[in-house]
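In what follows, a single structure is set out as C-alpha cells and then discussed.
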Amino acid sequence: MTDFKKVVPRPPLQPVPLVQVPTRPTGFQLPSPVATYKGAFGVRQAERLLWRAGFGPSPGQAAAFAGMGLHRAVAALTRPTGGPTFTGAAPTDGEGPLAPNDVWGHEMLWWLDRMMRTNQPLVERMTLVWHDWFATSLDGVSQANLMLAQNDLFRRYAFGSFDGLIRDVTKDGAMILWLNLSENRSGRPNENYARELMELFTLGADRGAYTEDDVRDLARALTGFRYTWSSTLGAHDFRFDPTRHDTNAKTIFGFTGNFGWEQAVAMCVRHRLHASFFVDKLWGNFIPTPPSAADRAALERAYVQGGFQVRPVLEAILLHPQLHTGARMVKPPVVFLAGMLRALRRSVDTIDWVWLSEHAGQRLFMPPDVSGWDDEHWLDTGTVGGRWRLVQYGVWGRQIPASAFASYSATETPGEALAAARAFWNDPDLTPETVSTLAAFASRSVPANAPFYEVRRLRAMRQNALRHLIYSSPDLQVS
Amino acid sequence: MPTCSCNDWSRSRLLRSAAAQAGQGLPAIEAGMPIPAGTGLTRRSFVSRTAGLALAVYGAAGLGPKALEEGIAAAQAAEPSQRVLVSIYLSGGADSLSILAPTEDTRYQQLRPNLRVQPGQGTPFSEDPSLRWHPSAGGLASLHNQGKLTVMPAVGYSDANQSHFTSRHFWEVGDTNPGGRWGWLGRFLDRTGNATNPLQGLTIGWDLNPTLAAQNVPVATVSRPDDYEFVSPDVWNTVSEPMMDTFGELGNLATSDPGLAYARGAVAATGRLRDQLAPFQNGFTLPGDYPAGDFGRRLGALAAMLSAGLPLRIVAVEADGSYDTHSNQAADLAERLGNASAALLAFQSDLERRGLSDRVLVHVWSEFGRRPAENGSGTDHGAAGIGFVMGEHATGQMVGEFPGLASSQLDEDENLRANVDFRAVYSSLLEQWLAVGADGIIPRASTVGRVPLVA
C-alpha cells in the first residue's frame with residue numbers, strides 16, 4: 001500500500017494520447033443496415049462515444065471528436081490504419097520495468113498501460129470484449145505467457161471475422177488448458193469446451209439451439225488437442241494430434257458425418273441461432289438496453305451476409321440512436337481506471353492498480369469464471385468502496401499538498417472552487433442535480449465565519465474534496 | 001512477512017523473483033523453497049453486513065455473497081461462545097537466548113560477549129532462577145507471574161531446517177513436508193468447520209496466513225476491522241465530514257435514467273453501510289494499554305470483534321517487525337520484543353475486562369531460534385526456539401526445560417536442541433483446547449507425543 005506520509009515525487013504529467021485520425025471528407029458516411037443517430041454530435045455525445053468505445057477522452061479529445069462529426073468519429077475508432085502507437089512514459093510497477101510473462105500482476109499492468117496510452121482505443125476495448133466473451137483465467141491457466149498470447153489473438157481479431165476468431169480460440173493454448181481440451185481424447189471425451197463453445201461463445205443456453213446429444217458429439221468432434229510440458233517451458237507446443245481424434249461418425253445439429261474440429265466450430269457459427277446470439281451479446285457490450293426485433297434482424301443479416309465480419313455490426317451499433325440518446329451504462333472497473341489515468345495524464349507507475357482494480361471488481365486476466373464478469377452488477381457496497389480507492393490513489397500526487405495549504409487562495413468562492421475542480425478533470429459530464437449538490441457542499445464546507453488562520457487551509461481541502469467527489473460520484477460511474 | 005535482513009528481501013519478493021526466474025510464472029519456485037500453503041486459492045472481496053467487516057474470502061469459490069452472509073449470521077446465532085485459538089507468529093526466527101536468558105551461565109557469557117542479557121537485568125524467571133526475562137519482555141514476565149503464560153524454552157524438531165521459508169512452511173503445515181499444501185489449522189477447519197462461515201478462520205492482516213489455508217471450507221482475511229473507511233488524500237476533519245455526507249447525498253438524488261439510478265443506488269447503499277459500520281470505524285477506540293503499531297491494533301480489534309459476538313474460531317496474526325536479527329540485534333530485538341509482549345499483555349487484560357478470557361487461548365511461535373554463538377552485532381539462524389501459550393486456561397507451567405549450551409548439548413550445527421516437538425504442541429492444542437483428536441490433522445499424530453498446555 002502506498003504510504004501517503006512518505007515524500008514521493010509527484011507523478012509527472014504525461015503527454016496526451018491522441019486517436020489517430022486519417023483524413024476523410026467532411027460528408028463521409030459509414031454504411032449501416034439500421035437507423036443512425038442524426039442529432040447534434042457535440043462534446044457530450046463525443047464523450048459518451050469515447051467511453052463506450054474506448055477508455056474515455058484524454059484532455060481535449062472530446063472536443064476534437066465533436067469537431068469530426070459522428071461518422072468520422074466512429075470511423076476514427078473502427079478503422080485505424082497500421083499498428084498502434086503509444087504516447088508517454090513506459091509502464092513500471094513502481095520499482096522497475098514490467099516483466100509481464102513472469103511477474104505476478106505485471107500482465108495486468110501491461111494491458112492497462114496499453115489501454116491508456118494507445119492511439120487505437122477501440123482495438124483494446126474490443127480485446128477486452130473478447131476477454132470477457134471467451135473468459136479465460138490465469139487462475140486456471142497458471143502461465144501468463146499463454147494468457148498474453150491469447151490476448152494478442154483477441155487483439156488481432158478486434159474487428160475481424162468471428163468465424164476466424166472462434167477457430168483460433170479453439171486451438172489457443174490458454175483455452176486448451178482452461179476448458180480441458182487437451183483431456184478430450186478419442187475414447188474418453190471431456191465435454192467442457194464443447195458445452196461452453198455452444199452455451200457461452202456461439203449459441204446461448206435454453207434457446208433450443210442444441211441438445212445434450214449435440215454436446216456429446218461436438219465433444220467427440222473436438223478430440224485430439226494436446227501439448228508438451230517441460231519444467232523450463234511449462235505447457236507449450238499446443239497441437240492437434242490425429243491419433244487422439246475420434247474418427248467415428250458424429251451427429252451434430254441433425255447433420256451426420258465424420259466431422260473434424262474445424263468443421264465442428266464452423267457449424268456452431270453457421271447455426272441458425274448463432275447470429276442472433278452474436279448480435280445481442282456484442283450489442284450488450286455497448287448499449288444497455290436490447291435492440292428492437294427489427295434492428296436485431298437487420299444486424300443479423302448484415303453479419304451473416306458479410307461473412308461473420310465484426311466491424312460492420314460494431315459500426316452500426318456505435319452509430320445507433322439508442323447508444324447516443326438511450327440510458328446510461330456503468331463503466332467496467334478497468335475502463336473507469338484507464339480513463340481516470342488518461343484524464344490525469346498519469347502513467348502506469350505502481351503495482352497497486354492490480355489489487356485496487358480487483359477490489360473494484362475487475363482483475364484483468366482473472367474473470368470470475370468462464371461466463372466472464374457479471375456486467376450488469378458492477379456496483380455494490382464493496383466495489384463502490386473499491387472505486388473510491390481507485391480515485392484516492394489516482395489523485396495522489398495531484399492534490400494540493402498540505403505543505404501548500406498556507407499559500408492557497410483565501411478568497412476562492414464556492415462557485416470558483418467547483419469550476420476549478422471540474423476543470424481539473426477536463427470538465428466531465430455532470431447532471432445539474434449533481435452540480436447543485438456539489439455546490440452546496442462547496443458552500444458549507446468553508447463556513448463564512450471561519451477564523452482567518454483557517455480560510456486558506458479549508459479552501460485547499462475543499463478543492464481536494466471536490467476533485468475526489470466528482471470522480472467518485474455516481475455520474476462518473478456511468479456514460 | 002518475514003524479512004531476511006541479510007539481503008532485505010521480503011518473502012513475497014523472493015517468491016516473485018523465483019517465479020520470474022522460473023520463466024513461466026508458476027509454479028516452479030527456487031530449488032528447495034516450498035510453495036506456501038494455500039497458494040492458488042481463489043480470493044474474493046466481500047463486505048459482510050452481519051459482521052460489519054470488509055473481508056477477503058479464500059476458497060469455497062461456489063458460494064455467492066448471499067450464502068456467505070447467511071453463513072456468518074447462522075454461525076453467529078448457533079455458536080456464540082465457542083473456544084477460540086489465536087496463532088501468533090514472530091517472523092524471522094526469534095532469539096530464545098535473549099528472551100529467556102541463562103545470565104549466570106559462563107558458556108552463555110562466552111557465546112554472547114556483546115549481546116548477552118546481563119546478570120541483574122530484567123526479571124527473574126520464577127520457575128528456573130538460572131534464567132531471566134529480557135528487560136523488554138516485562139509483559140511476558142508479568143503474564144507468567146500471573147500463571148497465564150506457559151513457556152516452552154526449546155521447541156522445534158530434529159534436524160532443523162535453517163531456511164526461513166522451509167522451516168516456516170513446516171510449522172505452517174504442521175509437518176516436515178515441503179510439499180504440504182494446507183495449513184494445520186486449515187485442516188482442523190476442514191474437519192470440524194462450517195461450509196459457509198469464512199470468519200471461522202480469520203487472518204488479521206493483508207494476506208492469508210498459510211497456517212489457515214483450508215481445502216474445503218472458506219476462510220477470510222481482514223486487514224483491519226476499520227477497513228470500511230473512505231480516505232481522501234489531504235482532506236481532514238471539518239471538510240471530510242461534510243464530504244462524506246455529500247457522497248451519500250449524491251447517491252440519493254432522483255433520476256429517470258435507469259443506469260444512473262442503479263449507480264446512485266449503489267452509492268447510497270455504500271453511504272448507509274458506512275454509517276452502520278461506524279462502531280468499527282472512528283468510534284472504535286483501543287484501551288490505552290495497547291502499544292502503537294499494527295499488532296496491538298489488530299489484537300485490540302480482535303478483542304472488539306469477539307466482544308461483538310462474531311463467529312470466530314481460529315485467528316492468525318503476525319507480530320510487528322522482523323526477528324531475523326543478523327545484525328543490530330540489541331536495539332532491534334528490544335524494540336520488537338517490547339512491542340509484542342506489551343501487546344500480548346494488553347490483549348489478555350482486554351479479554352479479561354470484556355469477560356472473554358475464559359474462551360481464548362493464544363499460541364506464539366517462530367520458525368526457529370537463533371545460533372547460540374553471536375556473529376558480532378547479531379545472530380544467525382539456529383534450531384530450537386522459544387514458544388508460548390497464553391491465556392486463563394494456560395497451565396502456566398514450563399514445558400520442556402532450558403536445553404543447555406555445553407558443546408555436548410548442542411547439535412552438529414552448534415544450535416540448541418529441541419526438547420518439545422512442535423507437532424506435539426499442535427496435537428495437544430487440538431485435543432486439550434479444541435477438543436478434537438489430532439489424528440488426520442497432524443500427520444503421524446500418534447507418534448509425536450503430547451505436552452500439558454491447557455489447565
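Labeling convention for the C-alpha cells: chains A, B, ... as they appear, residues from 1 per chain, ligands from 1 in order of appearance.
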All residues 10 Å or closer to Asp237 (chain A), only C-alpha atoms, same chain fewer than 3 positions away omitted, as a list in words: Gly173, Arg226, Tyr227, Thr228, Trp229, Leu233, Gly234 and Phe240 of chain A
Can you list every residue in region 123-324 of chain B that DSSP puts in helix (DSSP H, G or I), as a PyMOL selection string? chain B and resi 138-145+164-173+184-192+198-200+210-212+237-252+258-276+278-280+294-307
Can you write out as a Markdown table which residues of chain A fall within 6 Å of chain B, alongside each residue's closest atom pair and its distance in Å to one decimal, counting only C-alpha atoms and ordering rows by chain and ascending residue number?
```
| residue | atom | partner | partner_atom | distance |
| --- | --- | --- | --- | --- |
| A:Asp102 | CA | B:Ala20 | CA | 4.4 |
| A:Val103 | CA | B:Ala20 | CA | 5.5 |
| A:Gln143 | CA | B:Gly25 | CA | 5.8 |
| A:Ala327 | CA | B:Asp257 | CA | 5.7 |
| A:Arg328 | CA | B:Gly259 | CA | 4.8 |
| A:Met329 | CA | B:Gly259 | CA | 5.3 |
| A:Leu379 | CA | B:Ala266 | CA | 6.0 |
| A:Asp380 | CA | B:Ala266 | CA | 5.3 |
| A:Thr381 | CA | B:Thr270 | CA | 4.6 |
| A:Gly382 | CA | B:Val47 | CA | 5.7 |
| A:Gln392 | CA | B:Ser232 | CA | 5.8 |
| A:Ser445 | CA | B:Val239 | CA | 5.5 |
| A:Met461 | CA | B:Val235 | CA | 5.0 |
| A:Pro474 | CA | B:Arg264 | CA | 5.2 |
```
Just write the chosen residues, N, CA and C atoms, as a short mmCIF file (atom, residue, chain, number, x, y, z; two decimals), in the first residue's frame.
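Written file, again_34.cif:
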```cif
data_model
loop_
_atom_site.label_atom_id
_atom_site.label_comp_id
_atom_site.auth_asym_id
_atom_site.auth_seq_id
_atom_site.Cartn_x
_atom_site.Cartn_y
_atom_site.Cartn_z
N ASP A 102 6.35 -13.02 -16.49
CA ASP A 102 6.98 -13.69 -15.36
C ASP A 102 6.52 -13.24 -13.99
N VAL A 103 6.12 -12.00 -13.85
CA VAL A 103 5.89 -11.48 -12.50
C VAL A 103 4.41 -11.25 -12.28
N GLN A 143 -0.12 -19.86 -16.53
CA GLN A 143 1.04 -19.37 -17.29
C GLN A 143 0.67 -18.06 -17.97
N ALA A 327 -30.36 5.08 -22.30
CA ALA A 327 -29.94 5.08 -20.90
C ALA A 327 -28.43 5.04 -20.77
N ARG A 328 -27.97 5.54 -19.63
CA ARG A 328 -26.54 5.46 -19.33
C ARG A 328 -26.14 4.04 -18.99
N MET A 329 -24.84 3.79 -19.00
CA MET A 329 -24.32 2.44 -18.83
C MET A 329 -23.13 2.51 -17.88
N LEU A 379 -21.65 -2.67 -9.56
CA LEU A 379 -21.59 -1.79 -8.39
C LEU A 379 -22.30 -2.40 -7.19
N ASP A 380 -21.61 -2.47 -6.07
CA ASP A 380 -22.23 -2.82 -4.79
C ASP A 380 -21.45 -2.11 -3.70
N THR A 381 -21.79 -2.37 -2.44
CA THR A 381 -21.16 -1.61 -1.37
C THR A 381 -19.66 -1.92 -1.26
N GLY A 382 -19.24 -3.07 -1.79
CA GLY A 382 -17.80 -3.36 -1.80
C GLY A 382 -17.10 -2.65 -2.95
N GLN A 392 -8.86 7.69 -4.95
CA GLN A 392 -7.95 8.10 -3.86
C GLN A 392 -6.48 7.92 -4.30
N SER A 445 -18.77 23.73 3.34
CA SER A 445 -17.52 23.19 3.88
C SER A 445 -16.53 24.28 4.27
N MET A 461 -8.51 22.24 1.22
CA MET A 461 -9.12 20.92 1.45
C MET A 461 -10.42 20.79 0.68
N PRO A 474 -21.73 9.13 -8.61
CA PRO A 474 -22.45 8.18 -9.48
C PRO A 474 -22.41 8.61 -10.94
#
```
Please provide as a list in words all residues within 7 Å of Phe259 (chain A), with the sequence filter that same-chain residues fewer than 3 positions apart are discarded (counting only C-alpha atoms). Ala221, Lys250, Gln263 and Ala264 of chain A
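CA of His71 (chain A) sits 10.6 Å away from CA of Pro25 (chain A).
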What lies within 8 Å of Arg423 (chain B) using only C-alpha atoms, ignoring chain neighbours under 6 positions off, as a PyMOL selection string? chain B and resi 174-175+442+445+448
Any idea what the distance is between CA of Pro33 (chain A) and CA of Ile317 (chain A)?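 Distance between the two atoms: 10.0 Å.
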What's the 12 Å shell around Asp413 (chain B), counting only C-alpha atoms, without same-chain residues fewer than 2 positions away, as a ChimeraX atom specification? /B:158-162,370-373,380-384,407-411,415-417
Please, could you write that set of residues out with C-alpha atoms as a short mmCIF file (atom, residue, chain, number, x, y, z; two decimals), in the first residue's frame?
```
data_model
loop_
_atom_site.label_atom_id
_atom_site.label_comp_id
_atom_site.auth_asym_id
_atom_site.auth_seq_id
_atom_site.Cartn_x
_atom_site.Cartn_y
_atom_site.Cartn_z
CA SER B 158 15.16 -32.65 14.98
CA ASP B 159 17.44 -31.93 12.00
CA ALA B 160 16.06 -28.41 11.90
CA ASN B 161 15.92 -26.77 8.50
CA GLN B 162 17.55 -23.35 8.74
CA ARG B 370 18.98 -18.36 16.68
CA ARG B 371 22.57 -19.58 16.82
CA PRO B 372 23.95 -19.51 20.38
CA ALA B 373 27.28 -18.03 19.19
CA ASP B 380 22.42 -16.28 12.59
CA HIS B 381 19.74 -18.88 12.04
CA GLY B 382 19.51 -21.57 14.71
CA ALA B 383 17.37 -24.60 15.51
CA ALA B 384 15.19 -24.91 18.63
CA SER B 407 29.15 -28.39 23.31
CA SER B 408 27.80 -31.84 24.01
CA GLN B 409 24.30 -30.42 24.41
CA LEU B 410 24.24 -28.51 21.09
CA ASP B 411 23.52 -30.15 17.76
CA ASN B 415 22.45 -24.92 17.69
CA LEU B 416 20.07 -25.59 20.54
CA ARG B 417 18.36 -28.95 20.52
#
```
